[in-house]
>>> print(open('data_27.cif').read())   # mmCIF, C-alpha atoms; chains and numbers go by the auth columns
data_input
#
loop_
_atom_site.group_PDB
_atom_site.id
_atom_site.type_symbol
_atom_site.label_atom_id
_atom_site.label_comp_id
_atom_site.label_asym_id
_atom_site.label_seq_id
_atom_site.Cartn_x
_atom_site.Cartn_y
_atom_site.Cartn_z
_atom_site.B_iso_or_equiv
_atom_site.auth_seq_id
_atom_site.auth_asym_id
ATOM 1 C CA MET A 1 140.803 63.331 100.230 0.00 1 Y
ATOM 2 C CA LYS A 2 141.967 60.285 102.148 0.00 2 Y
ATOM 3 C CA ALA A 3 145.671 59.535 101.918 0.00 3 Y
ATOM 4 C CA ALA A 4 148.100 56.795 102.899 0.00 4 Y
ATOM 5 C CA ILE A 5 151.762 57.228 103.788 0.00 5 Y
ATOM 6 C CA TYR A 6 154.361 54.607 102.930 0.00 6 Y
ATOM 7 C CA VAL A 7 157.871 54.678 104.438 0.00 7 Y
ATOM 8 C CA ARG A 8 160.766 52.234 104.272 0.00 8 Y
ATOM 9 C CA VAL A 9 164.300 51.938 105.636 0.00 9 Y
ATOM 10 C CA SER A 10 166.814 49.306 104.559 0.00 10 Y
ATOM 11 C CA THR A 11 168.338 48.404 107.928 0.00 11 Y
ATOM 12 C CA ALA A 12 166.876 47.856 111.380 0.00 12 Y
ATOM 13 C CA ASP A 13 169.067 50.557 112.955 0.00 13 Y
ATOM 14 C CA GLN A 14 167.584 53.240 110.698 0.00 14 Y
ATOM 15 C CA HIS A 15 164.457 55.148 111.633 0.00 15 Y
ATOM 16 C CA VAL A 16 161.403 56.224 109.641 0.00 16 Y
ATOM 17 C CA GLU A 17 160.453 59.179 111.845 0.00 17 Y
ATOM 18 C CA SER A 18 162.045 61.792 109.597 0.00 18 Y
ATOM 19 C CA GLN A 19 160.171 60.437 106.550 0.00 19 Y
ATOM 20 C CA LEU A 20 156.905 60.363 108.511 0.00 20 Y
ATOM 21 C CA TYR A 21 157.352 63.927 109.774 0.00 21 Y
ATOM 22 C CA ASP A 22 157.952 65.315 106.260 0.00 22 Y
ATOM 23 C CA LEU A 23 155.076 63.347 104.713 0.00 23 Y
ATOM 24 C CA ARG A 24 152.610 64.284 107.449 0.00 24 Y
ATOM 25 C CA GLU A 25 153.543 67.909 106.893 0.00 25 Y
ATOM 26 C CA LEU A 26 153.103 67.514 103.124 0.00 26 Y
ATOM 27 C CA ALA A 27 149.689 65.938 103.643 0.00 27 Y
ATOM 28 C CA ALA A 28 148.625 68.826 105.893 0.00 28 Y
ATOM 29 C CA GLN A 29 149.792 71.376 103.316 0.00 29 Y
ATOM 30 C CA ARG A 30 147.664 69.716 100.657 0.00 30 Y
ATOM 31 C CA GLY A 31 144.646 69.289 102.852 0.00 31 Y
ATOM 32 C CA LEU A 32 144.832 65.481 102.835 0.00 32 Y
ATOM 33 C CA GLU A 33 143.519 63.262 105.619 0.00 33 Y
ATOM 34 C CA VAL A 34 146.048 60.550 106.469 0.00 34 Y
ATOM 35 C CA VAL A 35 144.042 57.415 107.269 0.00 35 Y
ATOM 36 C CA GLN A 36 146.891 54.903 107.458 0.00 36 Y
ATOM 37 C CA GLU A 37 150.682 54.756 107.634 0.00 37 Y
ATOM 38 C CA TYR A 38 152.510 51.723 106.252 0.00 38 Y
ATOM 39 C CA ARG A 39 156.063 50.871 107.266 0.00 39 Y
ATOM 40 C CA ASP A 40 158.786 48.466 106.153 0.00 40 Y
ATOM 41 C CA CYS A 41 161.753 48.579 108.503 0.00 41 Y
ATOM 42 C CA GLY A 42 164.950 46.721 107.711 0.00 42 Y
ATOM 43 C CA VAL A 43 163.654 45.603 104.305 0.00 43 Y
ATOM 44 C CA SER A 44 165.592 46.019 101.062 0.00 44 Y
ATOM 45 C CA GLY A 45 163.936 47.942 98.246 0.00 45 Y
ATOM 46 C CA LYS A 46 165.002 45.186 95.867 0.00 46 Y
ATOM 47 C CA ARG A 47 162.343 42.924 97.347 0.00 47 Y
ATOM 48 C CA ALA A 48 159.067 43.304 95.473 0.00 48 Y
ATOM 49 C CA ARG A 49 157.113 41.613 98.279 0.00 49 Y
ATOM 50 C CA ARG A 50 157.197 43.439 101.634 0.00 50 Y
ATOM 51 C CA PRO A 51 154.683 43.329 104.496 0.00 51 Y
ATOM 52 C CA GLY A 52 154.062 47.074 104.557 0.00 52 Y
ATOM 53 C CA LEU A 53 153.914 47.468 100.778 0.00 53 Y
ATOM 54 C CA ASP A 54 151.668 44.427 100.408 0.00 54 Y
ATOM 55 C CA ALA A 55 149.279 45.880 102.992 0.00 55 Y
ATOM 56 C CA LEU A 56 149.338 49.233 101.205 0.00 56 Y
ATOM 57 C CA ILE A 57 148.362 47.674 97.878 0.00 57 Y
ATOM 58 C CA ALA A 58 145.712 45.489 99.510 0.00 58 Y
ATOM 59 C CA ASP A 59 144.069 48.522 101.132 0.00 59 Y
ATOM 60 C CA ALA A 60 144.322 50.480 97.879 0.00 60 Y
ATOM 61 C CA ARG A 61 142.292 47.718 96.231 0.00 61 Y
ATOM 62 C CA ARG A 62 139.737 48.075 99.012 0.00 62 Y
ATOM 63 C CA LYS A 63 139.474 51.799 98.182 0.00 63 Y
ATOM 64 C CA LYS A 64 140.560 52.850 101.686 0.00 64 Y
ATOM 65 C CA PHE A 65 142.448 55.849 100.279 0.00 65 Y
ATOM 66 C CA SER A 66 142.873 57.723 97.007 0.00 66 Y
ATOM 67 C CA VAL A 67 146.345 59.259 97.492 0.00 67 Y
ATOM 68 C CA CYS A 68 149.668 57.581 98.303 0.00 68 Y
ATOM 69 C CA LEU A 69 152.512 59.699 99.735 0.00 69 Y
ATOM 70 C CA VAL A 70 156.154 58.568 99.724 0.00 70 Y
ATOM 71 C CA ALA A 71 159.415 60.312 100.551 0.00 71 Y
ATOM 72 C CA ALA A 72 161.131 59.246 97.302 0.00 72 Y
ATOM 73 C CA PHE A 73 160.869 56.788 94.421 0.00 73 Y
ATOM 74 C CA ASP A 74 163.520 54.482 95.862 0.00 74 Y
ATOM 75 C CA ARG A 75 161.423 53.992 99.000 0.00 75 Y
ATOM 76 C CA VAL A 76 158.881 51.963 96.997 0.00 76 Y
ATOM 77 C CA ALA A 77 161.038 50.359 94.281 0.00 77 Y
ATOM 78 C CA ARG A 78 164.649 50.022 93.205 0.00 78 Y
ATOM 79 C CA SER A 79 163.974 48.863 89.649 0.00 79 Y
ATOM 80 C CA VAL A 80 162.136 50.595 86.820 0.00 80 Y
ATOM 81 C CA LYS A 81 160.140 47.446 86.120 0.00 81 Y
ATOM 82 C CA HIS A 82 158.810 47.159 89.670 0.00 82 Y
ATOM 83 C CA PHE A 83 158.139 50.893 89.880 0.00 83 Y
ATOM 84 C CA LEU A 84 156.105 50.836 86.677 0.00 84 Y
ATOM 85 C CA GLN A 85 154.132 47.828 87.894 0.00 85 Y
ATOM 86 C CA LEU A 86 153.204 49.755 91.033 0.00 86 Y
ATOM 87 C CA MET A 87 152.289 52.843 89.025 0.00 87 Y
ATOM 88 C CA ASP A 88 150.092 50.774 86.712 0.00 88 Y
ATOM 89 C CA GLU A 89 148.402 49.268 89.763 0.00 89 Y
ATOM 90 C CA PHE A 90 147.767 52.678 91.341 0.00 90 Y
ATOM 91 C CA ASP A 91 146.548 54.128 88.052 0.00 91 Y
ATOM 92 C CA SER A 92 144.067 51.284 87.532 0.00 92 Y
ATOM 93 C CA LEU A 93 142.777 51.827 91.075 0.00 93 Y
ATOM 94 C CA GLY A 94 142.506 55.595 90.657 0.00 94 Y
ATOM 95 C CA VAL A 95 145.151 56.242 93.347 0.00 95 Y
ATOM 96 C CA VAL A 96 147.231 59.397 92.986 0.00 96 Y
ATOM 97 C CA PHE A 97 150.955 58.868 93.662 0.00 97 Y
ATOM 98 C CA ILE A 98 152.951 61.712 95.216 0.00 98 Y
ATOM 99 C CA SER A 99 156.709 61.626 95.774 0.00 99 Y
ATOM 100 C CA ARG A 100 158.065 64.390 97.993 0.00 100 Y
ATOM 101 C CA ARG A 101 161.726 64.395 96.903 0.00 101 Y
ATOM 102 C CA GLU A 102 161.063 64.224 93.153 0.00 102 Y
ATOM 103 C CA ASN A 103 158.056 66.569 93.510 0.00 103 Y
ATOM 104 C CA ILE A 104 155.932 64.269 91.323 0.00 104 Y
ATOM 105 C CA ASP A 105 152.153 64.224 91.530 0.00 105 Y
ATOM 106 C CA THR A 106 150.428 61.852 89.092 0.00 106 Y
ATOM 107 C CA SER A 107 147.142 63.729 89.419 0.00 107 Y
ATOM 108 C CA GLY A 108 148.494 66.462 87.140 0.00 108 Y
ATOM 109 C CA PRO A 109 149.504 66.399 83.454 0.00 109 Y
ATOM 110 C CA MET A 110 153.226 66.754 84.210 0.00 110 Y
ATOM 111 C CA GLY A 111 153.119 63.780 86.576 0.00 111 Y
ATOM 112 C CA ARG A 112 151.380 61.608 83.996 0.00 112 Y
ATOM 113 C CA LEU A 113 153.879 62.771 81.364 0.00 113 Y
ATOM 114 C CA PHE A 114 156.726 61.782 83.667 0.00 114 Y
ATOM 115 C CA LEU A 115 155.337 58.264 84.071 0.00 115 Y
ATOM 116 C CA THR A 116 154.911 57.991 80.302 0.00 116 Y
ATOM 117 C CA LEU A 117 158.555 58.971 79.826 0.00 117 Y
ATOM 118 C CA ILE A 118 159.692 56.362 82.350 0.00 118 Y
ATOM 119 C CA GLY A 119 157.665 53.716 80.500 0.00 119 Y
ATOM 120 C CA SER A 120 159.154 54.753 77.163 0.00 120 Y
ATOM 121 C CA ILE A 121 162.694 54.645 78.557 0.00 121 Y
ATOM 122 C CA SER A 122 162.028 51.174 79.955 0.00 122 Y
ATOM 123 C CA GLU A 123 160.782 49.931 76.576 0.00 123 Y
ATOM 124 C CA LEU A 124 163.814 51.469 74.864 0.00 124 Y
ATOM 125 C CA GLU A 125 166.144 49.770 77.346 0.00 125 Y
ATOM 126 C CA SER A 126 164.516 46.382 76.656 0.00 126 Y
ATOM 127 C CA ALA A 127 164.784 46.907 72.899 0.00 127 Y
ATOM 128 C CA LEU A 128 168.478 47.833 73.157 0.00 128 Y
ATOM 129 C CA ILE A 129 169.222 44.757 75.258 0.00 129 Y
ATOM 130 C CA ARG A 130 167.414 42.548 72.735 0.00 130 Y
ATOM 131 C CA ASP A 131 169.353 44.115 69.841 0.00 131 Y
ATOM 132 C CA ARG A 132 172.668 43.556 71.637 0.00 132 Y
ATOM 133 C CA VAL A 133 171.814 39.909 72.260 0.00 133 Y
ATOM 134 C CA LEU A 134 170.871 39.333 68.608 0.00 134 Y
ATOM 135 C CA ALA A 135 174.036 41.116 67.428 0.00 135 Y
ATOM 136 C CA GLY A 136 176.135 38.915 69.711 0.00 136 Y
ATOM 137 C CA MET A 137 174.463 35.774 68.353 0.00 137 Y
ATOM 138 C CA ARG A 138 175.112 36.855 64.761 0.00 138 Y
ATOM 139 C CA ARG A 139 178.759 37.607 65.541 0.00 139 Y
ATOM 140 C CA ALA A 140 179.174 34.232 67.246 0.00 140 Y
ATOM 141 C CA ALA A 141 177.636 32.471 64.244 0.00 141 Y
ATOM 142 C CA LEU A 142 180.062 34.245 61.899 0.00 142 Y
ATOM 143 C CA ASP A 143 182.943 33.142 64.132 0.00 143 Y
ATOM 144 C CA GLY A 144 181.769 29.543 63.867 0.00 144 Y
ATOM 145 C CA VAL A 145 180.536 29.315 67.449 0.00 145 Y
ATOM 146 C CA ARG A 146 177.566 27.005 67.818 0.00 146 Y
ATOM 147 C CA ILE A 147 174.517 28.622 69.419 0.00 147 Y
ATOM 148 C CA GLY A 148 172.055 26.483 71.298 0.00 148 Y
ATOM 149 C CA ARG A 149 172.145 22.975 72.668 0.00 149 Y
ATOM 150 C CA ALA A 150 174.903 20.758 71.327 0.00 150 Y
ATOM 151 C CA PRO A 151 173.759 17.646 69.432 0.00 151 Y
ATOM 152 C CA MET A 152 173.606 14.475 71.528 0.00 152 Y
ATOM 153 C CA ASN A 153 176.605 12.315 70.713 0.00 153 Y
ATOM 154 C CA VAL A 154 175.069 8.836 71.083 0.00 154 Y
ATOM 155 C CA ASP A 155 174.700 5.841 68.817 0.00 155 Y
ATOM 156 C CA ARG A 156 170.968 5.895 68.076 0.00 156 Y
ATOM 157 C CA VAL A 157 171.038 2.645 66.124 0.00 157 Y
ATOM 158 C CA ALA A 158 172.792 0.859 68.989 0.00 158 Y
ATOM 159 C CA ILE A 159 170.244 2.180 71.490 0.00 159 Y
ATOM 160 C CA VAL A 160 167.381 0.843 69.370 0.00 160 Y
ATOM 161 C CA ARG A 161 169.178 -2.457 68.873 0.00 161 Y
ATOM 162 C CA ASP A 162 169.698 -2.909 72.630 0.00 162 Y
ATOM 163 C CA ARG A 163 166.059 -2.147 73.347 0.00 163 Y
ATOM 164 C CA LEU A 164 164.782 -4.522 70.651 0.00 164 Y
ATOM 165 C CA SER A 165 167.127 -7.238 71.885 0.00 165 Y
ATOM 166 C CA GLY A 166 165.109 -7.442 75.080 0.00 166 Y
ATOM 167 C CA MET A 167 166.859 -4.986 77.421 0.00 167 Y
ATOM 168 C CA THR A 168 164.537 -3.002 79.645 0.00 168 Y
ATOM 169 C CA LEU A 169 164.002 0.702 79.217 0.00 169 Y
ATOM 170 C CA THR A 170 165.859 1.397 82.462 0.00 170 Y
ATOM 171 C CA ALA A 171 168.830 -0.741 81.479 0.00 171 Y
ATOM 172 C CA VAL A 172 169.165 0.878 78.052 0.00 172 Y
ATOM 173 C CA ALA A 173 168.827 4.375 79.473 0.00 173 Y
ATOM 174 C CA ARG A 174 171.480 3.720 82.122 0.00 174 Y
ATOM 175 C CA LYS A 175 173.864 2.095 79.648 0.00 175 Y
ATOM 176 C CA TRP A 176 173.806 5.053 77.262 0.00 176 Y
ATOM 177 C CA GLY A 177 173.239 7.841 79.787 0.00 177 Y
ATOM 178 C CA VAL A 178 169.985 9.019 78.221 0.00 178 Y
ATOM 179 C CA SER A 179 166.395 9.342 79.382 0.00 179 Y
ATOM 180 C CA ARG A 180 163.896 6.517 79.074 0.00 180 Y
ATOM 181 C CA SER A 181 161.627 8.801 77.082 0.00 181 Y
ATOM 182 C CA LEU A 182 164.389 9.239 74.485 0.00 182 Y
ATOM 183 C CA VAL A 183 164.785 5.476 74.209 0.00 183 Y
ATOM 184 C CA CYS A 184 161.034 5.146 73.581 0.00 184 Y
ATOM 185 C CA LYS A 185 161.151 7.944 71.020 0.00 185 Y
ATOM 186 C CA LEU A 186 164.055 6.361 69.098 0.00 186 Y
ATOM 187 C CA VAL A 187 162.390 2.946 69.070 0.00 187 Y
ATOM 188 C CA LYS A 188 159.110 4.437 67.897 0.00 188 Y
ATOM 189 C CA LYS A 189 160.898 6.319 65.143 0.00 189 Y
ATOM 190 C CA SER A 190 162.732 3.176 64.042 0.00 190 Y
ATOM 191 C CA ARG A 191 159.451 1.388 63.389 0.00 191 Y
ATOM 192 C CA GLY A 192 158.822 3.603 60.419 0.00 192 Y
ATOM 193 C CA SER A 193 162.378 3.397 59.089 0.00 193 Y
ATOM 194 C CA ASP A 194 163.731 1.155 56.370 0.00 194 Y
ATOM 195 C CA GLU A 195 165.454 -1.029 58.951 0.00 195 Y
ATOM 196 C CA GLY A 196 162.125 -2.762 59.693 0.00 196 Y
ATOM 197 C CA PHE A 197 162.628 -3.160 63.439 0.00 197 Y
ATOM 198 C CA VAL A 198 159.775 -4.892 65.252 0.00 198 Y
ATOM 199 C CA LEU A 199 159.389 -4.406 68.991 0.00 199 Y
ATOM 200 C CA PRO A 200 159.181 -7.767 70.781 0.00 200 Y
ATOM 201 C CA PRO A 201 156.446 -8.457 73.339 0.00 201 Y
ATOM 202 C CA PRO A 202 157.401 -6.742 76.641 0.00 202 Y
ATOM 203 C CA THR A 203 158.376 -8.793 79.653 0.00 203 Y
ATOM 204 C CA ALA A 204 156.818 -8.196 83.073 0.00 204 Y
ATOM 205 C CA LEU A 205 159.754 -5.943 83.990 0.00 205 Y
ATOM 206 C CA ASP A 206 159.414 -4.028 80.723 0.00 206 Y
ATOM 207 C CA SER A 207 155.741 -3.388 81.409 0.00 207 Y
ATOM 208 C CA ALA A 208 156.563 -1.883 84.794 0.00 208 Y
ATOM 209 C CA ASP A 209 159.178 0.347 83.185 0.00 209 Y
ATOM 210 C CA VAL A 210 156.708 1.562 80.603 0.00 210 Y
ATOM 211 C CA MET A 211 154.142 2.406 83.301 0.00 211 Y
ATOM 212 C CA GLN A 212 156.766 4.336 85.249 0.00 212 Y
ATOM 213 C CA SER A 213 157.737 6.365 82.214 0.00 213 Y
ATOM 214 C CA SER A 214 154.143 7.232 81.262 0.00 214 Y
#
>>> encode(input="data_27.cif", output="structure tokens")
Amino acid sequence: MKAAIYVRVSTADQHVESQLYDLRELAAQRGLEVVQEYRDCGVSGKRARRPGLDALIADARRKKFSVCLVAAFDRVARSVKHFLQLMDEFDSLGVVFISRRENIDTSGPMGRLFLTLIGSISELESALIRDRVLAGMRRAALDGVRIGRAPMNVDRVAIVRDRLSGMTLTAVARKWGVSRSLVCKLVKKSRGSDEGFVLPPPTALDSADVMQSS
């Protein structure tokens, strides 16, 4: 079977030779033919996009190898989310993932079970975080703390009155510190109210303002 080796070190003064030596030896023990070695030197594992890793995934999609060897999980990903994304990618491509330190081989039932457990733990973690957020929102509501955007403290009637008096959209928006779209919305809403406002014919400047806001 054709295999690829991926190695990574976080700083430029570190070396990947020890990882390569162990992984080449592991490949030989398993009768794997190493067709390519991918390296990321001086690159943090927190970065999802890395030149070596990107090349590895691109070649996996081209079916250049069917086994990926790494020294440890943290060489490919530092977060569960990113790790699972990579495992899903490899699984969909039919690539077996082997980690030397954790002694995980996804070609066997125990390896697949391990990945399933990681996925379940990740889902549980997300559910717990969501429950904590909802509990905090309920507690804040009971304490009288407002949740969400505060209501806009402006005189809506005065904004409509200024606009209908002939002020331009820009002038009204600047005067009240609101957006021009809000001014248009309030004026439009006032047309159907009991106040019976009627929008006067726009001036040349008003027309330009309307075109800018559309």
>>> atom_distance(input="data_27.cif", atom1="atom CA of Ala58 of chain Y", atom2="atom CA of Ile5 of chain Y")
13.9 Å
>>> residues_around(input="data_27.cif", residues="Phe90 of chain Y", least_positions_apart="4", cutoff="9 Å", atoms="all atoms listed in the file", output="list in words")
Ile57, Ala60, Arg61, Cys68, Gln85, Leu86, Gly94, Val95, Val96 and Phe97 of chain Y
>>> closest_residue(input="data_27.cif", among="Y:Ala55, Y:Leu23, Y:Ala28, Y:Val9", to="Ala77 of chain Y", atoms="only C-alpha atoms")
Y:Val9
>>> resolve_selection(input="data_27.cif", expression="the PyMOL selection byres ((chain Y and resi 67) around 12)", output="PDB file with C-alpha atoms, in the coordinates of the input")
ATOM      1  CA  MET Y   1     140.803  63.331 100.230  1.00  0.00           C
ATOM      2  CA  LYS Y   2     141.967  60.285 102.148  1.00  0.00           C
ATOM      3  CA  ALA Y   3     145.671  59.535 101.918  1.00  0.00           C
ATOM      4  CA  ALA Y   4     148.100  56.795 102.899  1.00  0.00           C
ATOM      5  CA  ILE Y   5     151.762  57.228 103.788  1.00  0.00           C
ATOM      6  CA  TYR Y   6     154.361  54.607 102.930  1.00  0.00           C
ATOM      7  CA  ALA Y  27     149.689  65.938 103.643  1.00  0.00           C
ATOM      8  CA  ARG Y  30     147.664  69.716 100.657  1.00  0.00           C
ATOM      9  CA  GLY Y  31     144.646  69.289 102.852  1.00  0.00           C
ATOM     10  CA  LEU Y  32     144.832  65.481 102.835  1.00  0.00           C
ATOM     11  CA  GLU Y  33     143.519  63.262 105.619  1.00  0.00           C
ATOM     12  CA  VAL Y  34     146.048  60.550 106.469  1.00  0.00           C
ATOM     13  CA  VAL Y  35     144.042  57.415 107.269  1.00  0.00           C
ATOM     14  CA  GLN Y  36     146.891  54.903 107.458  1.00  0.00           C
ATOM     15  CA  GLU Y  37     150.682  54.756 107.634  1.00  0.00           C
ATOM     16  CA  LEU Y  56     149.338  49.233 101.205  1.00  0.00           C
ATOM     17  CA  ILE Y  57     148.362  47.674  97.878  1.00  0.00           C
ATOM     18  CA  ASP Y  59     144.069  48.522 101.132  1.00  0.00           C
ATOM     19  CA  ALA Y  60     144.322  50.480  97.879  1.00  0.00           C
ATOM     20  CA  LYS Y  63     139.474  51.799  98.182  1.00  0.00           C
ATOM     21  CA  LYS Y  64     140.560  52.850 101.686  1.00  0.00           C
ATOM     22  CA  PHE Y  65     142.448  55.849 100.279  1.00  0.00           C
ATOM     23  CA  SER Y  66     142.873  57.723  97.007  1.00  0.00           C
ATOM     24  CA  CYS Y  68     149.668  57.581  98.303  1.00  0.00           C
ATOM     25  CA  LEU Y  69     152.512  59.699  99.735  1.00  0.00           C
ATOM     26  CA  VAL Y  70     156.154  58.568  99.724  1.00  0.00           C
ATOM     27  CA  PHE Y  90     147.767  52.678  91.341  1.00  0.00           C
ATOM     28  CA  ASP Y  91     146.548  54.128  88.052  1.00  0.00           C
ATOM     29  CA  LEU Y  93     142.777  51.827  91.075  1.00  0.00           C
ATOM     30  CA  GLY Y  94     142.506  55.595  90.657  1.00  0.00           C
ATOM     31  CA  VAL Y  95     145.151  56.242  93.347  1.00  0.00           C
ATOM     32  CA  VAL Y  96     147.231  59.397  92.986  1.00  0.00           C
ATOM     33  CA  PHE Y  97     150.955  58.868  93.662  1.00  0.00           C
ATOM     34  CA  ILE Y  98     152.951  61.712  95.216  1.00  0.00           C
ATOM     35  CA  SER Y  99     156.709  61.626  95.774  1.00  0.00           C
ATOM     36  CA  ASP Y 105     152.153  64.224  91.530  1.00  0.00           C
ATOM     37  CA  THR Y 106     150.428  61.852  89.092  1.00  0.00           C
ATOM     38  CA  SER Y 107     147.142  63.729  89.419  1.00  0.00           C
TER      39      SER Y 107
END
>>> residues_around(input="data_27.cif", residues="Val183 of chain Y", least_positions_apart="3", cutoff="9 Å", atoms="all atoms listed in the file", output="JSON, numbers by chain")
{"Y": [156, 159, 160, 163, 169, 172, 173, 178, 179, 180, 186, 187, 188]}
>>> atom_distance(input="data_27.cif", atom1="atom CA of Ala71 of chain Y", atom2="atom CA of Arg39 of chain Y")
12.1 Å
>>> decode(input="data_27.cif", residues="segment 173-192 of chain Y", atoms="N, CA and C atoms", output="short mmCIF file (atom, residue, chain, number, x, y, z; two decimals), in the first residue's frame")
data_model
loop_
_atom_site.label_atom_id
_atom_site.label_comp_id
_atom_site.auth_asym_id
_atom_site.auth_seq_id
_atom_site.Cartn_x
_atom_site.Cartn_y
_atom_site.Cartn_z
N ALA Y 173 -30.84 61.87 9.07
CA ALA Y 173 -30.04 60.80 9.66
C ALA Y 173 -28.92 61.34 10.52
N ARG Y 174 -28.25 62.40 10.05
CA ARG Y 174 -27.16 62.99 10.81
C ARG Y 174 -27.67 63.68 12.08
N LYS Y 175 -28.81 64.34 11.97
CA LYS Y 175 -29.36 65.06 13.12
C LYS Y 175 -29.68 64.10 14.27
N TRP Y 176 -30.25 62.94 13.92
CA TRP Y 176 -30.70 62.02 14.97
C TRP Y 176 -29.74 60.86 15.20
N GLY Y 177 -28.65 60.80 14.44
CA GLY Y 177 -27.67 59.74 14.65
C GLY Y 177 -28.19 58.36 14.30
N VAL Y 178 -29.00 58.29 13.23
CA VAL Y 178 -29.54 57.00 12.80
C VAL Y 178 -29.19 56.79 11.33
N SER Y 179 -29.51 55.61 10.82
CA SER Y 179 -29.23 55.33 9.41
C SER Y 179 -30.32 55.92 8.52
N ARG Y 180 -29.96 56.16 7.28
CA ARG Y 180 -30.95 56.66 6.32
C ARG Y 180 -32.03 55.64 6.04
N SER Y 181 -31.65 54.35 6.10
CA SER Y 181 -32.65 53.31 5.87
C SER Y 181 -33.71 53.32 6.97
N LEU Y 182 -33.29 53.63 8.22
CA LEU Y 182 -34.27 53.70 9.31
C LEU Y 182 -35.22 54.88 9.11
N VAL Y 183 -34.68 55.99 8.64
CA VAL Y 183 -35.55 57.15 8.36
C VAL Y 183 -36.60 56.76 7.33
N CYS Y 184 -36.17 56.11 6.25
CA CYS Y 184 -37.12 55.68 5.21
C CYS Y 184 -38.16 54.73 5.78
N LYS Y 185 -37.71 53.82 6.63
CA LYS Y 185 -38.63 52.83 7.21
C LYS Y 185 -39.67 53.51 8.10
N LEU Y 186 -39.25 54.49 8.91
CA LEU Y 186 -40.18 55.18 9.80
C LEU Y 186 -41.19 56.00 9.00
N VAL Y 187 -40.71 56.66 7.94
CA VAL Y 187 -41.62 57.45 7.11
C VAL Y 187 -42.62 56.54 6.42
N LYS Y 188 -42.15 55.43 5.90
CA LYS Y 188 -43.04 54.49 5.22
C LYS Y 188 -44.09 53.94 6.19
N LYS Y 189 -43.67 53.67 7.41
CA LYS Y 189 -44.60 53.15 8.40
C LYS Y 189 -45.63 54.19 8.79
N SER Y 190 -45.20 55.48 8.80
CA SER Y 190 -46.12 56.54 9.21
C SER Y 190 -47.23 56.76 8.19
N ARG Y 191 -47.01 56.37 6.97
CA ARG Y 191 -48.04 56.56 5.94
C ARG Y 191 -49.29 55.76 6.24
N GLY Y 192 -49.11 54.65 6.90
CA GLY Y 192 -50.27 53.83 7.22
C GLY Y 192 -50.82 54.08 8.61
#
